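Raw contents of start_9.cif, mmCIF, C-alpha atoms:
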data_input
loop_
_atom_site.label_atom_id
_atom_site.label_comp_id
_atom_site.auth_asym_id
_atom_site.auth_seq_id
_atom_site.Cartn_x
_atom_site.Cartn_y
_atom_site.Cartn_z
CA MET A 1228 -38.97 -29.80 -61.55
CA PRO A 1229 -42.03 -31.46 -59.89
CA ASN A 1230 -45.30 -31.15 -61.82
CA LYS A 1231 -47.01 -28.91 -59.23
CA LEU A 1232 -44.04 -26.56 -59.14
CA LYS A 1233 -43.83 -26.57 -62.94
CA LYS A 1234 -47.54 -25.72 -63.18
CA PHE A 1235 -47.11 -22.92 -60.64
CA TRP A 1236 -44.10 -21.56 -62.56
CA LYS A 1237 -46.02 -21.57 -65.87
CA SER A 1238 -48.95 -19.76 -64.25
CA LEU A 1239 -46.72 -16.80 -63.43
CA GLY A 1240 -46.17 -14.12 -66.04
CA PRO A 1241 -46.78 -10.38 -66.30
CA GLY A 1242 -47.62 -10.07 -62.59
CA LEU A 1243 -44.38 -11.63 -61.39
CA ILE A 1244 -42.27 -9.72 -63.93
CA THR A 1245 -43.97 -6.42 -63.04
CA GLY A 1246 -43.49 -7.01 -59.33
CA ALA A 1247 -39.82 -7.85 -59.76
CA SER A 1248 -39.24 -4.78 -61.96
CA ASP A 1249 -40.51 -2.62 -59.10
CA ASP A 1250 -37.33 -3.55 -57.22
CA ASP A 1251 -35.22 -1.69 -59.78
CA PRO A 1252 -32.01 0.14 -58.78
CA SER A 1253 -33.99 3.24 -57.80
CA GLY A 1254 -36.24 1.09 -55.62
CA ILE A 1255 -33.21 -0.61 -54.08
CA VAL A 1256 -31.79 2.86 -53.40
CA THR A 1257 -34.94 4.03 -51.64
CA TYR A 1258 -35.19 0.89 -49.49
CA SER A 1259 -31.49 1.14 -48.62
CA VAL A 1260 -31.90 4.73 -47.46
CA ALA A 1261 -34.99 3.76 -45.47
CA GLY A 1262 -33.07 0.98 -43.76
CA SER A 1263 -29.98 3.06 -43.00
CA ARG A 1264 -31.94 6.12 -41.84
CA LEU A 1265 -34.99 4.59 -40.14
CA GLY A 1266 -33.70 1.13 -39.27
CA PRO A 1267 -35.97 -1.93 -39.03
CA SER A 1268 -38.88 0.31 -37.98
CA ALA A 1269 -39.50 1.00 -41.71
CA VAL A 1270 -40.34 -2.61 -42.67
CA TRP A 1271 -44.05 -2.15 -41.86
CA THR A 1272 -44.44 -0.18 -45.10
CA MET A 1273 -43.85 -3.35 -47.12
CA LEU A 1274 -46.77 -5.12 -45.42
CA TYR A 1275 -49.32 -2.34 -45.38
CA ILE A 1276 -48.81 -1.07 -48.92
CA LEU A 1277 -49.07 -4.61 -50.36
CA PRO A 1278 -52.91 -4.75 -50.70
CA LEU A 1279 -52.85 -1.34 -52.40
CA MET A 1280 -50.27 -2.53 -54.93
CA ILE A 1281 -52.29 -5.67 -55.62
CA SER A 1282 -55.44 -3.59 -56.10
CA VAL A 1283 -53.88 -1.18 -58.60
CA GLN A 1284 -52.07 -3.87 -60.58
CA LYS A 1285 -55.05 -6.23 -60.59
CA MET A 1286 -57.21 -3.49 -62.12
CA SER A 1287 -54.55 -2.93 -64.78
CA ALA A 1288 -54.29 -6.64 -65.53
CA LYS A 1289 -58.07 -7.05 -65.69
CA ILE A 1290 -58.37 -4.14 -68.12
CA GLY A 1291 -55.64 -5.60 -70.35
CA ILE A 1292 -56.95 -9.16 -70.46
CA SER A 1293 -60.60 -8.09 -70.84
CA SER A 1294 -60.10 -5.67 -73.73
CA SER A 1295 -56.97 -7.11 -75.42
CA CYS A 1296 -55.64 -3.54 -75.23
CA GLY A 1297 -53.27 -1.71 -72.93
CA LEU A 1298 -54.24 1.28 -70.81
CA THR A 1299 -53.34 3.80 -73.51
CA GLY A 1300 -55.60 2.15 -76.08
CA ASN A 1301 -58.52 2.20 -73.66
CA ILE A 1302 -57.89 5.79 -72.58
CA LYS A 1303 -57.75 6.77 -76.26
CA ARG A 1304 -61.07 5.05 -77.03
CA TYR A 1305 -63.11 5.98 -73.95
CA TYR A 1306 -61.65 9.18 -72.52
CA SER A 1307 -60.63 12.67 -73.56
CA LYS A 1308 -57.68 13.44 -75.78
CA SER A 1309 -56.28 15.81 -73.16
CA LEU A 1310 -56.20 13.01 -70.55
CA LEU A 1311 -54.49 10.73 -73.08
CA ILE A 1312 -51.80 13.31 -73.88
CA PHE A 1313 -51.32 14.29 -70.21
CA ILE A 1314 -50.85 10.79 -68.79
CA SER A 1315 -48.94 9.41 -71.79
CA SER A 1316 -46.49 12.32 -71.83
CA LEU A 1317 -45.78 12.02 -68.11
CA ILE A 1318 -45.26 8.26 -68.35
CA ILE A 1319 -42.84 8.52 -71.28
CA ILE A 1320 -40.85 11.36 -69.68
CA SER A 1321 -40.60 9.66 -66.29
CA ASN A 1322 -39.66 6.33 -67.88
CA THR A 1323 -36.85 7.99 -69.84
CA PHE A 1324 -35.42 9.67 -66.74
CA ASN A 1325 -35.75 6.41 -64.83
CA ILE A 1326 -33.84 4.48 -67.51
CA GLY A 1327 -30.91 6.88 -67.27
CA ALA A 1328 -30.83 6.74 -63.49
CA ASN A 1329 -31.06 2.94 -63.41
CA VAL A 1330 -28.30 2.48 -66.00
CA PHE A 1331 -25.94 4.61 -63.95
CA GLY A 1332 -26.95 2.71 -60.83
CA MET A 1333 -26.09 -0.59 -62.51
CA ALA A 1334 -22.84 0.84 -63.86
CA SER A 1335 -21.75 1.97 -60.40
CA ALA A 1336 -22.40 -1.56 -59.10
CA ILE A 1337 -20.43 -3.18 -61.95
CA GLU A 1338 -17.64 -0.66 -61.40
CA MET A 1339 -16.99 -2.32 -58.04
CA PHE A 1340 -15.71 -5.41 -59.89
CA THR A 1341 -13.90 -3.81 -62.84
CA PRO A 1342 -11.59 -0.83 -63.43
CA GLN A 1343 -13.62 0.29 -66.46
CA SER A 1344 -15.29 3.73 -66.34
CA THR A 1345 -18.97 4.11 -65.49
CA ASN A 1346 -19.71 5.72 -68.88
CA LEU A 1347 -18.23 2.82 -70.84
CA ILE A 1348 -20.07 0.28 -68.71
CA SER A 1349 -23.36 2.18 -69.17
CA TRP A 1350 -23.15 2.08 -72.97
CA ALA A 1351 -22.22 -1.61 -72.89
CA ILE A 1352 -25.24 -2.38 -70.68
CA ILE A 1353 -27.67 -0.57 -72.97
CA GLY A 1354 -26.18 -2.19 -76.08
CA LEU A 1355 -26.49 -5.70 -74.66
CA ILE A 1356 -30.05 -5.18 -73.41
CA LEU A 1357 -31.23 -3.73 -76.75
CA ILE A 1358 -29.66 -6.58 -78.74
CA LEU A 1359 -31.41 -9.18 -76.57
CA ILE A 1360 -34.80 -7.43 -76.85
CA ILE A 1361 -34.56 -7.16 -80.64
CA ILE A 1362 -33.25 -10.63 -81.52
CA LEU A 1363 -35.07 -12.82 -78.98
CA PRO A 1364 -38.70 -13.94 -79.40
CA TYR A 1365 -41.29 -12.78 -76.88
CA ARG A 1366 -41.56 -16.12 -75.05
CA LYS A 1367 -37.80 -16.28 -74.57
CA ILE A 1368 -37.78 -12.71 -73.21
CA VAL A 1369 -40.53 -13.60 -70.73
CA THR A 1370 -38.59 -16.67 -69.58
CA ILE A 1371 -35.42 -14.61 -69.08
CA PHE A 1372 -37.37 -11.96 -67.16
CA LYS A 1373 -38.88 -14.60 -64.88
CA TRP A 1374 -35.47 -16.07 -64.04
CA LEU A 1375 -33.98 -12.60 -63.57
CA ALA A 1376 -36.75 -11.92 -61.05
CA PHE A 1377 -35.48 -14.74 -58.89
CA SER A 1378 -31.96 -13.35 -58.95
CA LEU A 1379 -33.32 -10.76 -56.52
CA PHE A 1380 -33.26 -13.49 -53.90
CA ALA A 1381 -29.67 -12.31 -53.49
CA TYR A 1382 -31.07 -9.84 -50.96
CA VAL A 1383 -32.92 -12.57 -49.11
CA ILE A 1384 -29.75 -14.66 -48.86
CA ALA A 1385 -27.72 -11.64 -47.74
CA GLY A 1386 -30.36 -10.83 -45.13
CA LEU A 1387 -30.46 -14.38 -43.79
CA LEU A 1388 -26.67 -14.29 -43.44
CA VAL A 1389 -26.75 -11.10 -41.38
CA ILE A 1390 -30.05 -10.52 -39.55
CA ASN A 1391 -30.17 -11.85 -35.99
CA ASP A 1392 -32.98 -10.05 -34.14
CA TRP A 1393 -35.99 -11.61 -35.88
CA PRO A 1394 -38.53 -11.04 -33.05
CA ARG A 1395 -37.83 -7.29 -33.17
CA LEU A 1396 -38.08 -7.32 -36.96
CA MET A 1397 -41.44 -9.13 -36.90
CA TYR A 1398 -42.73 -6.62 -34.34
CA HIS A 1399 -41.84 -3.70 -36.62
CA LEU A 1400 -43.40 -5.51 -39.60
CA VAL A 1401 -46.79 -5.68 -37.87
CA VAL A 1402 -46.73 -2.50 -35.74
CA PRO A 1403 -46.33 0.70 -37.81
CA SER A 1404 -43.83 3.24 -36.55
CA ILE A 1405 -44.06 6.72 -38.04
CA SER A 1406 -41.73 9.58 -37.19
CA PHE A 1407 -43.17 12.95 -38.14
CA ASP A 1408 -39.86 14.70 -38.64
CA LYS A 1409 -39.44 15.95 -42.18
CA SER A 1410 -36.58 13.65 -43.15
CA SER A 1411 -38.55 10.52 -42.17
CA LEU A 1412 -41.68 11.72 -43.95
CA MET A 1413 -39.75 12.35 -47.15
CA ILE A 1414 -38.34 8.82 -47.04
CA LEU A 1415 -41.85 7.38 -46.50
CA VAL A 1416 -43.13 9.39 -49.48
CA ALA A 1417 -40.26 7.98 -51.55
CA ILE A 1418 -41.21 4.43 -50.51
CA PHE A 1419 -44.83 4.97 -51.58
CA GLY A 1420 -43.67 6.51 -54.85
CA THR A 1421 -41.35 3.66 -55.77
CA THR A 1422 -43.82 0.89 -54.84
CA LEU A 1423 -46.77 2.36 -56.77
CA SER A 1424 -44.92 3.46 -59.90
CA PRO A 1425 -47.34 4.22 -62.78
CA TYR A 1426 -45.21 2.49 -65.44
CA MET A 1427 -45.97 -0.84 -63.74
CA ALA A 1428 -49.68 -0.46 -64.48
CA PHE A 1429 -49.06 0.35 -68.15
CA TRP A 1430 -46.63 -2.54 -68.57
CA GLN A 1431 -48.83 -5.18 -66.92
CA ALA A 1432 -51.95 -4.17 -68.85
CA SER A 1433 -50.04 -4.33 -72.14
CA GLU A 1434 -48.49 -7.70 -71.30
CA GLU A 1435 -51.84 -9.19 -70.27
CA ALA A 1436 -53.22 -7.99 -73.61
CA GLU A 1437 -50.25 -9.65 -75.38
CA GLU A 1438 -50.83 -12.92 -73.52
CA LYS A 1439 -54.52 -12.83 -74.44
CA LYS A 1440 -53.78 -12.24 -78.12
CA ILE A 1441 -51.24 -15.07 -78.25
CA LYS A 1442 -53.62 -17.54 -76.57
CA THR A 1443 -56.48 -16.63 -78.92
CA GLY A 1444 -54.32 -16.61 -82.05
CA GLY A 1445 -54.67 -12.88 -82.47
CA GLU A 1446 -51.06 -11.83 -82.15
CA GLY A 1447 -50.02 -9.27 -84.73
CA LYS A 1448 -53.60 -8.02 -85.17
CA ASN A 1449 -55.03 -4.67 -84.12
CA PHE A 1450 -57.96 -5.16 -81.76
CA VAL A 1451 -60.81 -2.81 -80.99
CA CYS A 1452 -60.49 -1.89 -77.33
CA GLU A 1453 -63.67 -3.38 -75.92
CA TYR A 1454 -64.72 -6.28 -73.73
CA LYS A 1455 -63.98 -9.77 -74.97
CA ILE A 1456 -64.98 -12.91 -73.11
CA VAL A 1457 -62.78 -13.65 -70.11
CA THR A 1458 -63.13 -16.99 -68.33
CA LYS A 1459 -63.14 -17.45 -64.57
CA ASN A 1460 -59.90 -19.39 -64.88
CA GLU A 1461 -58.27 -16.44 -66.64
CA LEU A 1462 -59.40 -14.06 -63.90
CA ARG A 1463 -58.15 -16.46 -61.23
CA ARG A 1464 -54.81 -16.67 -63.01
CA VAL A 1465 -54.58 -12.86 -63.17
CA THR A 1466 -55.39 -12.52 -59.46
CA HIS A 1467 -52.91 -15.25 -58.54
CA ASP A 1468 -50.12 -13.94 -60.78
CA THR A 1469 -50.58 -10.33 -59.64
CA SER A 1470 -50.74 -11.25 -55.96
CA VAL A 1471 -47.60 -13.40 -56.20
CA GLY A 1472 -45.76 -10.68 -58.15
CA MET A 1473 -46.59 -7.88 -55.70
CA PHE A 1474 -45.85 -10.10 -52.70
CA PHE A 1475 -42.51 -10.99 -54.26
CA SER A 1476 -41.73 -7.30 -54.82
CA ASN A 1477 -42.39 -6.36 -51.21
CA PHE A 1478 -40.77 -9.51 -49.87
CA ILE A 1479 -37.53 -8.39 -51.54
CA GLY A 1480 -38.09 -4.81 -50.37
CA PHE A 1481 -38.57 -6.09 -46.82
CA PHE A 1482 -35.20 -7.84 -46.89
CA ILE A 1483 -33.39 -4.82 -48.36
CA ILE A 1484 -34.73 -2.57 -45.59
CA ALA A 1485 -34.07 -5.23 -42.96
CA LEU A 1486 -30.53 -5.89 -44.22
CA THR A 1487 -29.46 -2.25 -44.37
CA GLY A 1488 -31.32 -1.56 -41.12
CA ALA A 1489 -29.57 -4.38 -39.27
CA VAL A 1490 -26.10 -3.57 -40.58
CA LEU A 1491 -25.90 0.14 -41.38
CA PHE A 1492 -28.46 1.59 -38.96
CA GLY A 1493 -27.23 -0.78 -36.26
CA ALA A 1494 -23.67 0.48 -36.73
CA GLY A 1495 -24.70 4.13 -36.72
CA ILE A 1496 -24.04 4.60 -40.45
CA ARG A 1497 -26.61 7.05 -41.79
CA ASP A 1498 -24.92 8.98 -44.57
CA ILE A 1499 -24.47 6.63 -47.51
CA GLU A 1500 -24.36 8.58 -50.77
CA THR A 1501 -23.86 6.01 -53.55
CA ILE A 1502 -24.73 2.39 -54.26
CA LYS A 1503 -21.03 1.62 -54.04
CA GLU A 1504 -20.88 3.16 -50.57
CA ALA A 1505 -23.93 1.18 -49.46
CA ALA A 1506 -22.37 -2.09 -50.63
CA GLU A 1507 -18.94 -1.29 -49.23
CA ALA A 1508 -20.43 -0.25 -45.89
CA LEU A 1509 -21.89 -3.75 -45.70
CA ARG A 1510 -18.58 -5.43 -46.46
CA PRO A 1511 -16.68 -5.06 -43.16
CA LEU A 1512 -19.84 -5.46 -41.11
CA ALA A 1513 -21.57 -8.29 -42.97
CA GLY A 1514 -18.75 -9.87 -44.97
CA ASP A 1515 -17.83 -10.30 -48.63
CA TYR A 1516 -20.89 -12.41 -49.44
CA ALA A 1517 -23.36 -9.69 -48.44
CA TYR A 1518 -21.29 -7.11 -50.35
CA ILE A 1519 -21.22 -9.19 -53.54
CA LEU A 1520 -24.89 -10.22 -53.30
CA PHE A 1521 -25.98 -6.61 -52.80
CA ALA A 1522 -24.09 -5.48 -55.91
CA LEU A 1523 -25.29 -8.42 -58.03
CA GLY A 1524 -28.87 -7.68 -56.98
CA VAL A 1525 -28.57 -4.11 -58.27
CA ILE A 1526 -27.18 -5.32 -61.60
CA SER A 1527 -29.84 -7.99 -62.22
CA ALA A 1528 -32.61 -5.61 -61.11
CA GLY A 1529 -31.48 -3.07 -63.70
CA VAL A 1530 -31.31 -5.66 -66.49
CA LEU A 1531 -34.92 -6.56 -65.69
CA ALA A 1532 -36.27 -3.03 -65.21
CA ILE A 1533 -34.73 -1.15 -68.15
CA PRO A 1534 -36.46 -3.20 -70.92
CA ILE A 1535 -39.75 -2.86 -69.03
CA LEU A 1536 -39.40 0.91 -68.72
CA ALA A 1537 -38.50 1.27 -72.41
CA GLY A 1538 -41.11 -1.31 -73.43
CA SER A 1539 -43.93 0.41 -71.54
CA SER A 1540 -43.12 3.67 -73.38
CA ALA A 1541 -43.18 1.78 -76.69
CA TYR A 1542 -46.58 0.25 -75.90
CA VAL A 1543 -47.95 3.71 -75.02
CA LEU A 1544 -46.90 5.25 -78.35
CA SER A 1545 -47.83 2.13 -80.30
CA GLU A 1546 -51.44 2.35 -79.08
CA ILE A 1547 -51.64 6.11 -79.58
CA PHE A 1548 -50.54 5.89 -83.23
CA ASN A 1549 -52.04 2.47 -84.02
CA TRP A 1550 -48.69 0.94 -84.94
CA GLY A 1551 -49.72 -2.48 -83.71
CA GLY A 1552 -46.21 -3.07 -82.41
CA SER A 1553 -45.38 -5.53 -79.65
CA LEU A 1554 -42.59 -7.70 -78.30
CA ASP A 1555 -44.01 -10.79 -80.01
CA LYS A 1556 -43.27 -9.29 -83.45
CA PRO A 1557 -39.83 -9.31 -85.10
CA PHE A 1558 -38.08 -5.99 -85.70
CA SER A 1559 -38.92 -6.03 -89.42
CA LYS A 1560 -42.67 -6.03 -88.64
CA ALA A 1561 -42.64 -3.57 -85.75
CA LYS A 1562 -39.89 -1.08 -86.56
CA GLU A 1563 -41.60 1.90 -84.93
CA PHE A 1564 -42.17 -0.06 -81.71
CA TYR A 1565 -38.55 -1.17 -81.40
CA LEU A 1566 -37.21 2.23 -82.43
CA VAL A 1567 -39.08 3.76 -79.49
CA ILE A 1568 -37.40 1.24 -77.19
CA ILE A 1569 -34.00 2.05 -78.69
CA PHE A 1570 -34.47 5.83 -78.53
CA SER A 1571 -35.91 5.67 -74.99
CA ALA A 1572 -32.87 3.75 -73.81
CA ILE A 1573 -30.36 5.99 -75.59
CA ILE A 1574 -32.02 9.26 -74.52
CA GLY A 1575 -32.15 7.97 -70.96
CA LEU A 1576 -28.45 7.19 -71.21
CA ILE A 1577 -27.41 10.58 -72.56
CA ILE A 1578 -29.44 12.62 -70.05
CA PRO A 1579 -26.46 12.94 -67.66
CA TYR A 1580 -24.36 14.31 -70.54
CA LEU A 1581 -26.91 17.10 -71.01
CA GLY A 1582 -26.21 18.42 -67.53
CA ILE A 1583 -29.12 16.58 -65.91
CA GLY A 1584 -27.34 14.46 -63.35
CA PRO A 1585 -28.73 11.28 -61.79
CA ILE A 1586 -29.85 13.29 -58.74
CA LYS A 1587 -32.08 15.57 -60.82
CA ALA A 1588 -33.19 12.66 -63.00
CA LEU A 1589 -34.46 10.70 -60.03
CA LEU A 1590 -35.93 13.78 -58.40
CA TRP A 1591 -37.98 14.60 -61.50
CA THR A 1592 -38.90 10.95 -61.95
CA SER A 1593 -40.30 10.84 -58.42
CA ILE A 1594 -42.16 14.14 -58.85
CA ILE A 1595 -43.70 13.01 -62.16
CA HIS A 1596 -44.65 9.59 -60.76
CA GLY A 1597 -46.26 11.27 -57.77
CA ILE A 1598 -48.21 13.73 -59.91
CA VAL A 1599 -49.45 11.16 -62.42
CA ALA A 1600 -50.29 8.37 -59.93
CA PRO A 1601 -53.56 9.85 -58.56
CA PHE A 1602 -54.78 10.66 -62.09
CA LEU A 1603 -53.87 7.16 -63.22
CA ILE A 1604 -55.57 5.48 -60.25
CA VAL A 1605 -58.77 7.49 -60.84
CA THR A 1606 -58.71 6.43 -64.50
CA LEU A 1607 -58.05 2.79 -63.55
CA ILE A 1608 -60.98 2.79 -61.12
CA HIS A 1609 -63.27 4.21 -63.80
CA MET A 1610 -62.10 1.71 -66.44
CA ALA A 1611 -62.32 -1.23 -64.00
CA ASN A 1612 -65.97 -0.28 -63.40
CA ASN A 1613 -66.78 0.25 -67.09
CA PRO A 1614 -68.71 -2.74 -68.55
CA ALA A 1615 -67.65 -1.73 -72.08
CA ILE A 1616 -64.06 -2.53 -71.08
CA VAL A 1617 -64.27 -5.30 -68.46
CA GLY A 1618 -67.76 -6.64 -69.15
CA PRO A 1619 -69.41 -8.25 -66.12
CA ASN A 1620 -66.13 -8.29 -64.20
CA VAL A 1621 -66.44 -4.79 -62.77
CA ASN A 1622 -64.90 -4.05 -59.38
CA ASN A 1623 -66.86 -5.12 -56.33
CA LYS A 1624 -67.26 -2.89 -53.25
CA ARG A 1625 -64.19 -4.29 -51.51
CA GLU A 1626 -62.00 -3.79 -54.59
CA ASN A 1627 -63.26 -0.23 -55.02
CA SER A 1628 -62.70 0.56 -51.33
CA ILE A 1629 -59.06 -0.55 -51.50
CA ALA A 1630 -58.53 1.30 -54.78
CA TYR A 1631 -59.96 4.54 -53.38
CA PHE A 1632 -57.75 4.20 -50.30
CA ALA A 1633 -54.75 3.83 -52.63
CA LEU A 1634 -55.90 7.02 -54.38
CA PHE A 1635 -56.17 8.83 -51.04
CA LEU A 1636 -52.73 7.66 -49.91
CA MET A 1637 -50.98 8.65 -53.14
CA SER A 1638 -52.74 12.03 -53.20
CA LEU A 1639 -51.62 12.61 -49.62
CA ALA A 1640 -48.07 11.62 -50.58
CA VAL A 1641 -48.08 14.17 -53.42
CA ILE A 1642 -49.34 16.89 -51.05
CA VAL A 1643 -46.64 16.04 -48.51
CA PHE A 1644 -43.99 15.97 -51.22
CA LEU A 1645 -45.03 19.27 -52.78
CA PHE A 1646 -46.04 21.32 -49.76
CA ILE A 1647 -44.02 20.19 -46.77
CA GLU A 1648 -41.29 22.67 -45.89
CA THR A 1649 -38.03 21.02 -46.77
CA PRO A 1650 -34.90 22.02 -44.99
CA VAL A 1651 -34.50 18.30 -45.70
CA GLU A 1652 -32.53 18.73 -48.87
CA ASP A 1653 -30.10 16.36 -47.22
CA ALA A 1654 -32.77 13.65 -47.17
CA LYS A 1655 -33.80 14.23 -50.78
CA ALA A 1656 -30.22 14.45 -51.93
CA LEU A 1657 -29.42 11.28 -50.02
CA ILE A 1658 -32.16 9.35 -51.77
CA PHE A 1659 -31.50 10.69 -55.24
CA ASN A 1660 -27.72 10.79 -54.93
CA LEU A 1661 -27.49 7.05 -54.43
CA LEU A 1662 -27.64 6.49 -58.17
CA LYS A 1663 -25.02 9.14 -58.85
#

Translate this file's structure into structure tokens.
Amino acid sequence: MPNKLKKFWKSLGPGLITGASDDDPSGIVTYSVAGSRLGPSAVWTMLYILPLMISVQKMSAKIGISSSCGLTGNIKRYYSKSLLIFISSLIIISNTFNIGANVFGMASAIEMFTPQSTNLISWAIIGLILILIIILPYRKIVTIFKWLAFSLFAYVIAGLLVINDWPRLMYHLVVPSISFDKSSLMILVAIFGTTLSPYMAFWQASEEAEEKKIKTGGEGKNFVCEYKIVTKNELRRVTHDTSVGMFFSNFIGFFIIALTGAVLFGAGIRDIETIKEAAEALRPLAGDYAYILFALGVISAGVLAIPILAGSSAYVLSEIFNWGGSLDKPFSKAKEFYLVIIFSAIIGLIIPYLGIGPIKALLWTSIIHGIVAPFLIVTLIHMANNPAIVGPNVNNKRENSIAYFALFLMSLAVIVFLFIETPVEDAKALIFNLLK
């Protein structure tokens, strides 16, 4: 690997991993529905939501690296107990539902290549992921996550094999096209919800704090959540890493929408109801390679996202109860932390057995994400402007303007989601049923 490329690769970390985890099976589902229902006219969302994603995640990263604490630790120290309990509870609940839905999404993709049952595959997936998280050191986990992120290029390759009308696609990327029928609006709300998922902010802040502790020799220690010196180079690295990660996330999302839009929408196929159906609909129209790449993308996305979902819940509880747990510690020194990861994964897996199917799981996940996002963004804006947390690196006017626009957009999305009349159960069911 050339030196410049090697240096670039080493500079990437929490931002890239967070961005890639956003393209989890539920994200792939949402983009696939958008492509099949709205066609290439939906790709503009990936361009216009990008600066909002960068803004939210950059604030999270800056808070983590500046205070050597995650978001929960800072909320606990500087804000009310009720806000801490409210946001933390919603994050943990939504993460657990999301884990269950993603596992079943992965299992349905694997089922296309093996006669084994979805339930058996699901337990095998969780077992393998938990073993890797527990036995591997933090640096090795980060390296694996970074390489898994690039496995999502399967969608880029599949898109390049299939898409022909690039001028039309570029037009729709730049020129927004919004249909105000209820089905289209619900799909747009789902896109906003999956791209600005709150767990991403918690994960990136915690990982930036981990990176900071490791670099300063403070791993394994409990830090007071307050500003610690951050160099300009560190801030540049955070901005660069976050921007690359969010661009990567939406670059993949663009190709998923474009691929399903070109193939499924172009062929008049609107009613896909499972991941397996989406992949198999591609097969006769786009060939075996697109079919296989689509399925492999779902599997690798789940392997990346599930540890991050479980890990973000563990970081939340670890900071609430001062456990001092983290991924850089072995199991023997952070039992509570790893037990949260294990229980989060297992509870997520058994949710369908409790009568809460993947449809309901994803529905409640989306509702909870939508409800918590505005509260989280408000809190992030306040923390990113609090000198006690970020020192002299408070948000400038441009950063605050973008952050407040993100707040407005997510609040509007919640209002649309909660108050729009919905004889569009077909649209909601379509989105949430894909991980059935």

Which residue gives the smallest distance to A:Asn1301 among A:Thr1245, A:Thr1469, A:Ser1282, A:Thr1606, with all atoms listed in the file counted?
->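 For A:Asn1301, the nearest of the given residues is A:Thr1606.
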
Return the single residue from A:Ile1414, A:Leu1347, A:Leu1491, A:Ile1456 that is closest to A:Phe1331, with distances computed using all atoms listed in the file.
->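 Ranking A:Ile1414, A:Leu1347, A:Leu1491, A:Ile1456 by distance to A:Phe1331, first place goes to A:Leu1347.
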
Atomic separation - atom CA of A:Ala1506 relative to atom CA of A:Leu1388, Å = 14.8 Å

Option closest in space to A:Glu1563, from A:Leu1576, A:Tyr1542, A:Asp1468, A:Val1525 [counting all atoms listed in the file] =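 Comparing A:Leu1576, A:Tyr1542, A:Asp1468, A:Val1525 against A:Glu1563, the winner is A:Tyr1542.
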
Convert the output of the PyMOL selection byres ((chain A and resi 1629) around 10) on the shown file into explicit residues, formatted as a list in words.
->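 For this structure, the PyMOL selection byres ((chain A and resi 1629) around 10) resolves to Pro1278, Leu1279, Met1280, Ile1281, Ser1282, Val1283, Lys1624, Arg1625, Glu1626, Asn1627, Ser1628, Ala1630, Tyr1631, Phe1632, Ala1633, Leu1634 and Phe1635 of chain A.
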
Would you kindly return, as a ChimeraX atom specification, each protein, DNA or RNA residue with an atom no farther than 7 Å from any atom of stretch 1376-1378 of chain A, considering only C-alpha atoms and excluding same-chain residues fewer than 6 positions away?
-> /A:1244,1247,1524,1527

Which distance in Å separates atom CA of A:Asp1249 and atom CA of A:Met1333, to one decimal?
-> 15.0 Å

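Atom CA of A:Ile1577 to atom CA of A:Ser1321 spans 14.6 Å [interatomic distance, one decimal].
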
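Closest to A:Leu1544 among A:Leu1274, A:Ile1574, A:Val1617, A:Ile1314 is A:Ile1314, based on only C-alpha atoms.
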
In file coordinates, which residues lie within 10 Å of (-43.1, -7.6, -80.0) using all atoms listed in the file, given as a list in words?
-> Ile1360, Ile1361, Leu1363, Pro1364, Tyr1365, Arg1366, Glu1437, Glu1446, Gly1447, Gly1538, Ala1541, Tyr1542, Gly1551, Gly1552, Ser1553, Leu1554, Asp1555, Lys1556, Pro1557, Phe1558, Lys1560, Ala1561, Lys1562, Phe1564 and Tyr1565 of chain A

Excluding A:Leu1310 and any residue of its chain fewer than 4 positions from it, enumerate the residues within 12 Å of it, using all atoms listed in the file, and give them as a PDB file with C-alpha atoms, in the coordinates of the input.
ATOM      1  CA  LEU A1298     -54.240   1.280 -70.810  1.00  0.00           C
ATOM      2  CA  THR A1299     -53.340   3.800 -73.510  1.00  0.00           C
ATOM      3  CA  ASN A1301     -58.520   2.200 -73.660  1.00  0.00           C
ATOM      4  CA  ILE A1302     -57.890   5.790 -72.580  1.00  0.00           C
ATOM      5  CA  LYS A1303     -57.750   6.770 -76.260  1.00  0.00           C
ATOM      6  CA  ARG A1304     -61.070   5.050 -77.030  1.00  0.00           C
ATOM      7  CA  TYR A1305     -63.110   5.980 -73.950  1.00  0.00           C
ATOM      8  CA  TYR A1306     -61.650   9.180 -72.520  1.00  0.00           C
ATOM      9  CA  ILE A1314     -50.850  10.790 -68.790  1.00  0.00           C
ATOM     10  CA  SER A1315     -48.940   9.410 -71.790  1.00  0.00           C
ATOM     11  CA  SER A1316     -46.490  12.320 -71.830  1.00  0.00           C
ATOM     12  CA  LEU A1317     -45.780  12.020 -68.110  1.00  0.00           C
ATOM     13  CA  VAL A1599     -49.450  11.160 -62.420  1.00  0.00           C
ATOM     14  CA  PHE A1602     -54.780  10.660 -62.090  1.00  0.00           C
ATOM     15  CA  LEU A1603     -53.870   7.160 -63.220  1.00  0.00           C
ATOM     16  CA  VAL A1605     -58.770   7.490 -60.840  1.00  0.00           C
ATOM     17  CA  THR A1606     -58.710   6.430 -64.500  1.00  0.00           C
TER      18      THR A1606
END

Would you kindly return, as a list in words, each protein, DNA or RNA residue with an atom no farther than 10 Å from any atom of A:Gly1529, considering only C-alpha atoms and excluding same-chain residues fewer than 2 positions away?
->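 The contact residues come out as Ser1248, Asp1250, Asp1251, Pro1252, Ser1253, Ile1326, Ala1328, Asn1329, Val1330, Phe1331, Gly1332, Met1333, Ala1334, Ile1352, Leu1375, Leu1523, Gly1524, Val1525, Ile1526, Ser1527, Leu1531, Ala1532, Ile1533, Pro1534 and Ile1535 of chain A.
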